>>> print(open('run.txt').read())   # compact mmCIF, C-alpha atoms
# COMPACT_ATOMS: atom_id res chain seq x y z
CA MET A 1 1.05 -13.89 -53.47
CA LYS A 2 -0.59 -14.45 -50.08
CA ARG A 3 0.10 -12.64 -46.81
CA ILE A 4 -0.29 -13.09 -43.06
CA VAL A 5 0.23 -10.14 -40.74
CA LEU A 6 1.38 -11.09 -37.23
CA LEU A 7 0.64 -8.48 -34.57
CA ARG A 8 1.39 -8.53 -30.88
CA HIS A 9 -1.25 -6.87 -28.70
CA GLY A 10 -0.90 -3.28 -27.50
CA GLU A 11 0.48 -2.33 -24.11
CA SER A 12 -1.44 -3.98 -21.26
CA GLU A 13 -1.77 -2.88 -17.64
CA TRP A 14 0.83 -5.42 -16.56
CA ASN A 15 3.16 -4.49 -19.43
CA LYS A 16 3.07 -0.98 -18.02
CA GLU A 17 3.79 -2.32 -14.53
CA ASN A 18 6.55 -4.58 -15.94
CA ARG A 19 4.94 -7.78 -14.63
CA PHE A 20 4.99 -11.30 -16.00
CA THR A 21 1.51 -11.66 -17.46
CA GLY A 22 1.21 -15.04 -19.20
CA TRP A 23 -2.35 -16.33 -19.11
CA THR A 24 -3.53 -13.71 -16.60
CA ASP A 25 -6.26 -11.76 -18.35
CA VAL A 26 -5.44 -8.06 -18.01
CA PRO A 27 -6.81 -5.16 -20.09
CA LEU A 28 -5.02 -2.75 -22.39
CA THR A 29 -3.87 0.61 -21.12
CA PRO A 30 -5.03 3.77 -22.91
CA LYS A 31 -1.57 3.76 -24.50
CA GLY A 32 -2.17 0.17 -25.67
CA ILE A 33 -5.44 1.20 -27.32
CA GLU A 34 -3.63 4.08 -29.01
CA GLU A 35 -0.90 1.71 -30.23
CA ALA A 36 -3.52 -0.63 -31.70
CA ALA A 37 -5.21 2.27 -33.50
CA GLU A 38 -1.85 3.38 -34.90
CA ALA A 39 -1.17 -0.17 -36.14
CA GLY A 40 -4.59 -0.19 -37.81
CA LYS A 41 -3.90 3.14 -39.51
CA LEU A 42 -0.52 1.92 -40.75
CA LEU A 43 -2.04 -1.23 -42.22
CA MET A 44 -4.88 0.75 -43.78
CA ASP A 45 -2.45 3.24 -45.31
CA LEU A 46 -0.52 0.30 -46.79
CA GLY A 47 -3.71 -0.94 -48.43
CA PHE A 48 -4.27 -4.14 -46.45
CA ARG A 49 -7.70 -5.75 -46.76
CA PHE A 50 -8.07 -8.77 -44.51
CA ASP A 51 -10.24 -11.77 -45.32
CA MET A 52 -10.17 -13.30 -41.84
CA ALA A 53 -8.53 -12.77 -38.43
CA PHE A 54 -7.36 -14.99 -35.59
CA THR A 55 -6.69 -14.18 -31.95
CA SER A 56 -6.33 -15.73 -28.51
CA TYR A 57 -8.77 -16.01 -25.59
CA LEU A 58 -7.08 -13.15 -23.72
CA ARG A 59 -8.69 -9.72 -23.70
CA ARG A 60 -5.53 -7.75 -24.47
CA ALA A 61 -5.26 -9.52 -27.83
CA VAL A 62 -9.01 -9.54 -28.51
CA ARG A 63 -9.29 -5.82 -27.74
CA THR A 64 -6.27 -5.02 -29.91
CA LEU A 65 -7.85 -6.88 -32.81
CA ASP A 66 -11.14 -5.01 -32.33
CA VAL A 67 -9.39 -1.63 -32.33
CA VAL A 68 -7.31 -2.47 -35.41
CA LEU A 69 -10.32 -3.66 -37.40
CA GLU A 70 -12.44 -0.70 -36.29
CA ARG A 71 -9.69 1.72 -37.36
CA MET A 72 -9.53 -0.04 -40.75
CA ASP A 73 -13.35 -0.22 -41.09
CA GLN A 74 -13.08 -4.00 -41.44
CA MET A 75 -15.01 -5.18 -38.38
CA TYR A 76 -17.22 -7.33 -40.60
CA ILE A 77 -14.57 -9.98 -41.32
CA PRO A 78 -14.83 -13.38 -39.59
CA VAL A 79 -12.74 -13.82 -36.45
CA ARG A 80 -11.63 -17.09 -34.88
CA LYS A 81 -10.36 -17.36 -31.30
CA SER A 82 -8.24 -20.12 -29.81
CA TRP A 83 -6.54 -20.75 -26.47
CA ARG A 84 -3.64 -22.14 -28.51
CA LEU A 85 -2.69 -18.56 -29.43
CA ASN A 86 -2.48 -17.53 -25.75
CA GLU A 87 0.76 -16.20 -24.32
CA LYS A 88 3.36 -18.55 -22.86
CA HIS A 89 2.28 -19.61 -19.36
CA TYR A 90 4.79 -18.21 -16.88
CA GLY A 91 3.85 -20.45 -13.94
CA PHE A 92 4.70 -19.03 -10.51
CA LEU A 93 6.14 -15.88 -12.13
CA GLN A 94 2.73 -14.59 -13.25
CA GLY A 95 2.05 -11.27 -11.57
CA LEU A 96 5.63 -10.70 -10.37
CA ASN A 97 7.55 -7.58 -11.36
CA LYS A 98 10.30 -8.54 -13.81
CA ARG A 99 12.96 -6.20 -12.48
CA GLU A 100 12.27 -7.12 -8.86
CA THR A 101 12.38 -10.80 -9.82
CA ALA A 102 15.75 -10.22 -11.49
CA GLU A 103 17.06 -8.59 -8.33
CA LYS A 104 15.91 -11.61 -6.29
CA TYR A 105 16.93 -14.48 -8.57
CA GLY A 106 19.55 -12.80 -10.76
CA GLU A 107 19.24 -11.41 -14.28
CA LYS A 108 20.74 -14.55 -15.82
CA GLN A 109 18.08 -16.80 -14.27
CA VAL A 110 15.24 -14.48 -15.23
CA GLN A 111 16.55 -14.27 -18.79
CA ILE A 112 16.50 -18.08 -18.91
CA TRP A 113 12.88 -18.13 -17.73
CA ARG A 114 11.89 -15.37 -20.16
CA ARG A 115 13.77 -16.24 -23.32
CA SER A 116 15.37 -19.70 -23.22
CA TYR A 117 13.88 -22.37 -25.44
CA ASP A 118 13.38 -25.32 -23.11
CA VAL A 119 13.45 -24.12 -19.48
CA ALA A 120 10.10 -23.42 -17.79
CA PRO A 121 9.52 -21.58 -14.49
CA ALA A 122 8.15 -23.56 -11.55
CA PRO A 123 4.48 -24.48 -12.15
CA LEU A 124 1.40 -23.21 -10.39
CA ALA A 125 -0.43 -25.58 -8.09
CA PRO A 126 -3.60 -26.93 -9.77
CA ASP A 127 -5.75 -25.16 -7.15
CA ASP A 128 -3.90 -21.84 -7.41
CA PRO A 129 -6.41 -19.05 -8.20
CA ARG A 130 -4.31 -18.26 -11.29
CA SER A 131 -4.65 -21.82 -12.62
CA PRO A 132 -6.40 -22.22 -16.01
CA LEU A 133 -7.99 -25.36 -14.56
CA LEU A 134 -10.28 -23.04 -12.60
CA ASP A 135 -11.03 -20.64 -15.46
CA PRO A 136 -14.44 -21.18 -17.17
CA ARG A 137 -13.13 -20.07 -20.57
CA TYR A 138 -11.07 -23.28 -20.75
CA VAL A 139 -13.80 -25.68 -19.62
CA LYS A 140 -13.89 -27.39 -23.03
CA VAL A 141 -10.11 -27.81 -23.26
CA PRO A 142 -8.85 -31.25 -22.17
CA VAL A 143 -7.37 -30.94 -18.68
CA ASN A 144 -4.14 -32.64 -19.72
CA GLU A 145 -3.56 -29.92 -22.35
CA LEU A 146 -3.88 -26.95 -19.99
CA PRO A 147 -0.46 -25.73 -18.79
CA LEU A 148 0.53 -24.73 -15.28
CA THR A 149 3.84 -23.46 -16.67
CA GLU A 150 5.54 -23.49 -20.07
CA SER A 151 8.88 -23.10 -21.77
CA LEU A 152 8.96 -21.67 -25.29
CA LYS A 153 9.35 -25.26 -26.49
CA ASP A 154 6.04 -26.08 -24.80
CA THR A 155 4.45 -23.00 -26.37
CA VAL A 156 5.65 -24.11 -29.81
CA ARG A 157 4.14 -27.54 -29.20
CA ARG A 158 0.81 -25.93 -28.26
CA THR A 159 0.68 -23.21 -30.94
CA MET A 160 1.95 -24.90 -34.08
CA PRO A 161 -0.87 -27.45 -34.49
CA TYR A 162 -3.32 -24.53 -34.67
CA TRP A 163 -1.10 -22.71 -37.15
CA GLU A 164 -0.75 -25.78 -39.36
CA CYS A 165 -4.30 -27.11 -39.09
CA GLU A 166 -6.35 -23.90 -38.96
CA ILE A 167 -4.45 -20.78 -40.02
CA MET A 168 -2.50 -22.11 -43.00
CA PRO A 169 -5.54 -23.94 -44.45
CA ALA A 170 -7.46 -20.66 -44.13
CA LEU A 171 -4.69 -18.96 -46.11
CA ALA A 172 -5.18 -21.52 -48.87
CA ASP A 173 -8.73 -20.20 -49.34
CA ASN A 174 -7.92 -16.50 -48.79
CA ASP A 175 -5.30 -13.95 -49.71
CA THR A 176 -4.62 -11.96 -46.54
CA LEU A 177 -5.00 -12.94 -42.87
CA LEU A 178 -4.39 -11.12 -39.58
CA VAL A 179 -3.18 -12.91 -36.44
CA VAL A 180 -3.22 -10.89 -33.21
CA ALA A 181 -1.60 -12.76 -30.35
CA HIS A 182 1.26 -12.49 -27.86
CA GLY A 183 5.01 -12.17 -27.66
CA ASN A 184 5.77 -15.85 -27.17
CA SER A 185 3.01 -17.47 -29.20
CA LEU A 186 4.15 -15.27 -32.09
CA ARG A 187 7.80 -16.10 -31.39
CA ALA A 188 6.82 -19.77 -31.72
CA ILE A 189 5.30 -19.12 -35.14
CA ILE A 190 8.17 -16.94 -36.35
CA LYS A 191 10.74 -19.48 -35.14
CA ASN A 192 9.05 -22.10 -37.28
CA LEU A 193 8.64 -19.88 -40.35
CA LYS A 194 12.18 -18.51 -40.35
CA HIS A 195 13.84 -21.69 -39.04
CA ILE A 196 15.48 -19.85 -36.15
CA PRO A 197 17.75 -22.21 -34.14
CA ASP A 198 16.86 -22.97 -30.53
CA ASP A 199 19.93 -21.16 -29.23
CA GLU A 200 19.16 -17.97 -31.20
CA ILE A 201 15.46 -17.53 -30.48
CA ALA A 202 16.26 -15.70 -27.23
CA GLU A 203 17.40 -12.72 -29.31
CA LEU A 204 13.97 -12.24 -30.92
CA ASN A 205 12.01 -9.52 -29.11
CA LEU A 206 8.59 -8.45 -30.37
CA PRO A 207 7.39 -4.95 -29.47
CA THR A 208 3.75 -4.25 -28.83
CA ALA A 209 1.38 -3.44 -31.71
CA THR A 210 4.10 -3.59 -34.38
CA PRO A 211 2.94 -5.42 -37.55
CA TRP A 212 5.17 -8.10 -39.06
CA VAL A 213 4.16 -9.06 -42.61
CA PHE A 214 4.88 -12.56 -43.93
CA GLU A 215 4.48 -13.28 -47.62
CA PHE A 216 3.79 -16.71 -49.12
CA ASN A 217 3.73 -18.17 -52.61
CA ASP A 218 0.44 -19.52 -53.91
CA ASP A 219 1.53 -23.02 -52.82
CA LEU A 220 1.82 -21.62 -49.24
CA THR A 221 5.61 -21.82 -49.09
CA TYR A 222 7.26 -18.99 -47.18
CA ARG A 223 8.56 -16.24 -49.46
CA SER A 224 9.71 -13.20 -47.46
CA ASP A 225 8.88 -10.98 -44.50
CA TYR A 226 9.22 -7.38 -43.38
CA MET A 227 8.15 -4.99 -40.63
CA PRO A 228 6.59 -1.83 -42.10
CA GLY A 229 7.15 1.46 -40.34
CA ASP A 230 10.07 3.47 -39.01
CA ALA A 231 13.06 1.10 -38.73
CA GLU A 232 14.77 3.12 -35.99
CA GLU A 233 11.63 3.26 -33.88
CA ILE A 234 11.06 -0.49 -34.30
CA ALA A 235 14.68 -1.17 -33.24
CA ARG A 236 14.24 1.08 -30.20
CA ARG A 237 11.09 -0.77 -29.16
CA MET A 238 12.79 -4.15 -29.59
CA LYS A 239 15.68 -3.01 -27.39
CA ALA A 240 13.25 -1.84 -24.73
CA VAL A 241 11.59 -5.28 -24.65
CA ALA A 242 14.97 -6.95 -24.26
CA ASN A 243 15.96 -4.64 -21.38
CA GLN A 244 12.83 -4.77 -19.27
CA ALA A 245 14.22 -7.27 -16.73
CA SER A 246 17.64 -5.60 -16.54
CA ALA A 247 19.03 -3.49 -13.76
CA PRO A 248 17.88 0.15 -13.92
CA ASP A 249 21.17 1.49 -15.30
CA ALA A 250 20.99 -1.02 -18.19
CA SER A 251 17.43 -0.12 -19.15
CA ARG A 252 17.13 3.64 -18.62
CA ASP A 253 16.46 4.06 -22.35
CA ALA A 254 13.61 1.58 -22.29
CA SER A 255 10.26 3.18 -23.04
CA PRO A 256 7.34 1.86 -20.92
CA SER A 257 5.18 1.79 -24.06
CA ALA A 258 7.47 -0.83 -25.59
CA ARG A 259 7.51 -3.16 -22.62
CA SER A 260 5.96 -6.62 -22.93
>>> encode(input="run.txt", output="structure tokens")
Amino acid sequence: MKRIVLLRHGESEWNKENRFTGWTDVPLTPKGIEEAAEAGKLLMDLGFRFDMAFTSYLRRAVRTLDVVLERMDQMYIPVRKSWRLNEKHYGFLQGLNKRETAEKYGEKQVQIWRRSYDVAPAPLAPDDPRSPLLDPRYVKVPVNELPLTESLKDTVRRTMPYWECEIMPALADNDTLLVVAHGNSLRAIIKNLKHIPDDEIAELNLPTATPWVFEFNDDLTYRSDYMPGDAEEIARRMKAVANQASAPDASRDASPSARS
């Protein structure tokens, strides 16, 4: 049996401030670092030994991976980074507060931008300071592949070639891999693995720094999956992610540490 652990990064500064983050490169909060260390301890206690790890170009994912591997004393394993594992690009929404945006445009519209499959927010202008066209880390990426906004469908189209051409072939040569990425790039992968219909993917909410283990047969066919840890706490964190753009009275139970 082979395994891949999918892990969303720990709480970032803009998670804490409830902002749309996307490709904006913000650091982890102290709470996010603590979450990553707790995820590492959980995986270590479960006996995971990783052969290789993958992450995005964004520091919140890279830092989470570093903390997890340090906590597990596995910092020696090879790590590959790709822009294709970056978060969904939120276009003009990047940097805006989610609740304030819901008050301005309506919760229904914001939910469509956040969780629908094929509707993207309005794009950034190419010369916007937030544009990836101006970011040196993407200088080797073909210009026509860099997004100025994305729907989840676009994120699937960007992420899955890397999954199929890099990550799964690596699993063929190894037993256990770790992928640390983002809410929507991981949703793209999970949608594909579990064959989640387009109209149901909106209900999938990934909390920060919560491992999701996928098991595969030796021929790399999907076998099963599970989320280790306290089931009630995981459910609470998922609910908090779902509620973060809701009106205050609908989200008073949402914990800031679970926001994404």
>>> closest_atom_pairs(input="run.txt", of="stretch 29-116 of chain A", to="stretch 142-162 of chain A", cutoff="12 Å", atoms="only C-alpha atoms", output="tab-separated table")
residue	atom	partner	partner_atom	distance
A:Phe54	CA	A:Tyr162	CA	10.4
A:Thr55	CA	A:Tyr162	CA	11.2
A:Ser56	CA	A:Thr159	CA	10.5
A:Arg80	CA	A:Tyr162	CA	11.2
A:Lys81	CA	A:Tyr162	CA	10.6
A:Ser82	CA	A:Tyr162	CA	8.2
A:Trp83	CA	A:Thr159	CA	8.8
A:Arg84	CA	A:Thr159	CA	5.1
A:Leu85	CA	A:Thr159	CA	5.9
A:Asn86	CA	A:Thr159	CA	8.3
A:Glu87	CA	A:Thr155	CA	8.0
A:Lys88	CA	A:Thr155	CA	5.8
A:His89	CA	A:Thr149	CA	4.9
A:Tyr90	CA	A:Thr149	CA	5.3
A:Gly91	CA	A:Thr149	CA	4.1
A:Phe92	CA	A:Thr149	CA	7.6
A:Leu93	CA	A:Thr149	CA	9.1
A:Gln94	CA	A:Thr149	CA	9.6
A:Ile112	CA	A:Ser151	CA	9.6
A:Trp113	CA	A:Ser151	CA	7.6
A:Arg114	CA	A:Ser151	CA	8.5
A:Arg115	CA	A:Leu152	CA	7.5
A:Ser116	CA	A:Leu152	CA	7.0
>>> closest_residue(input="run.txt", among="A:Met1, A:Ala242, A:Val67, A:Leu43", to="A:Pro30", atoms="only C-alpha atoms")
A:Val67
>>> closest_residue(input="run.txt", among="A:Lys239, A:Leu177, A:Leu171, A:His182", to="A:Val62", atoms="all atoms listed in the file")
A:His182
>>> atom_distance(input="run.txt", atom1="atom CA of A:Arg59", atom2="atom CA of A:Val5")
19.2 Å
>>> residues_around(input="run.txt", residues="A:Ala209", least_positions_apart="6", cutoff="7 Å", atoms="only C-alpha atoms", output="VMD selection string")
chain A and resid 7 to 10 35 to 36 39
>>> closest_residue(input="run.txt", among="A:Glu38, A:Glu203, A:Glu17, A:Asp73", to="A:Tyr117", atoms="only C-alpha atoms")
A:Glu203
>>> axis_aligned_box(input="run.txt", around="stretch 195-204 of chain A", padding_each_side="5 Å", output="AutoDock Vina command-line options")
--center_x 16.9 --center_y -17.6 --center_z -33.1 --size_x 16.1 --size_y 20.7 --size_z 21.8
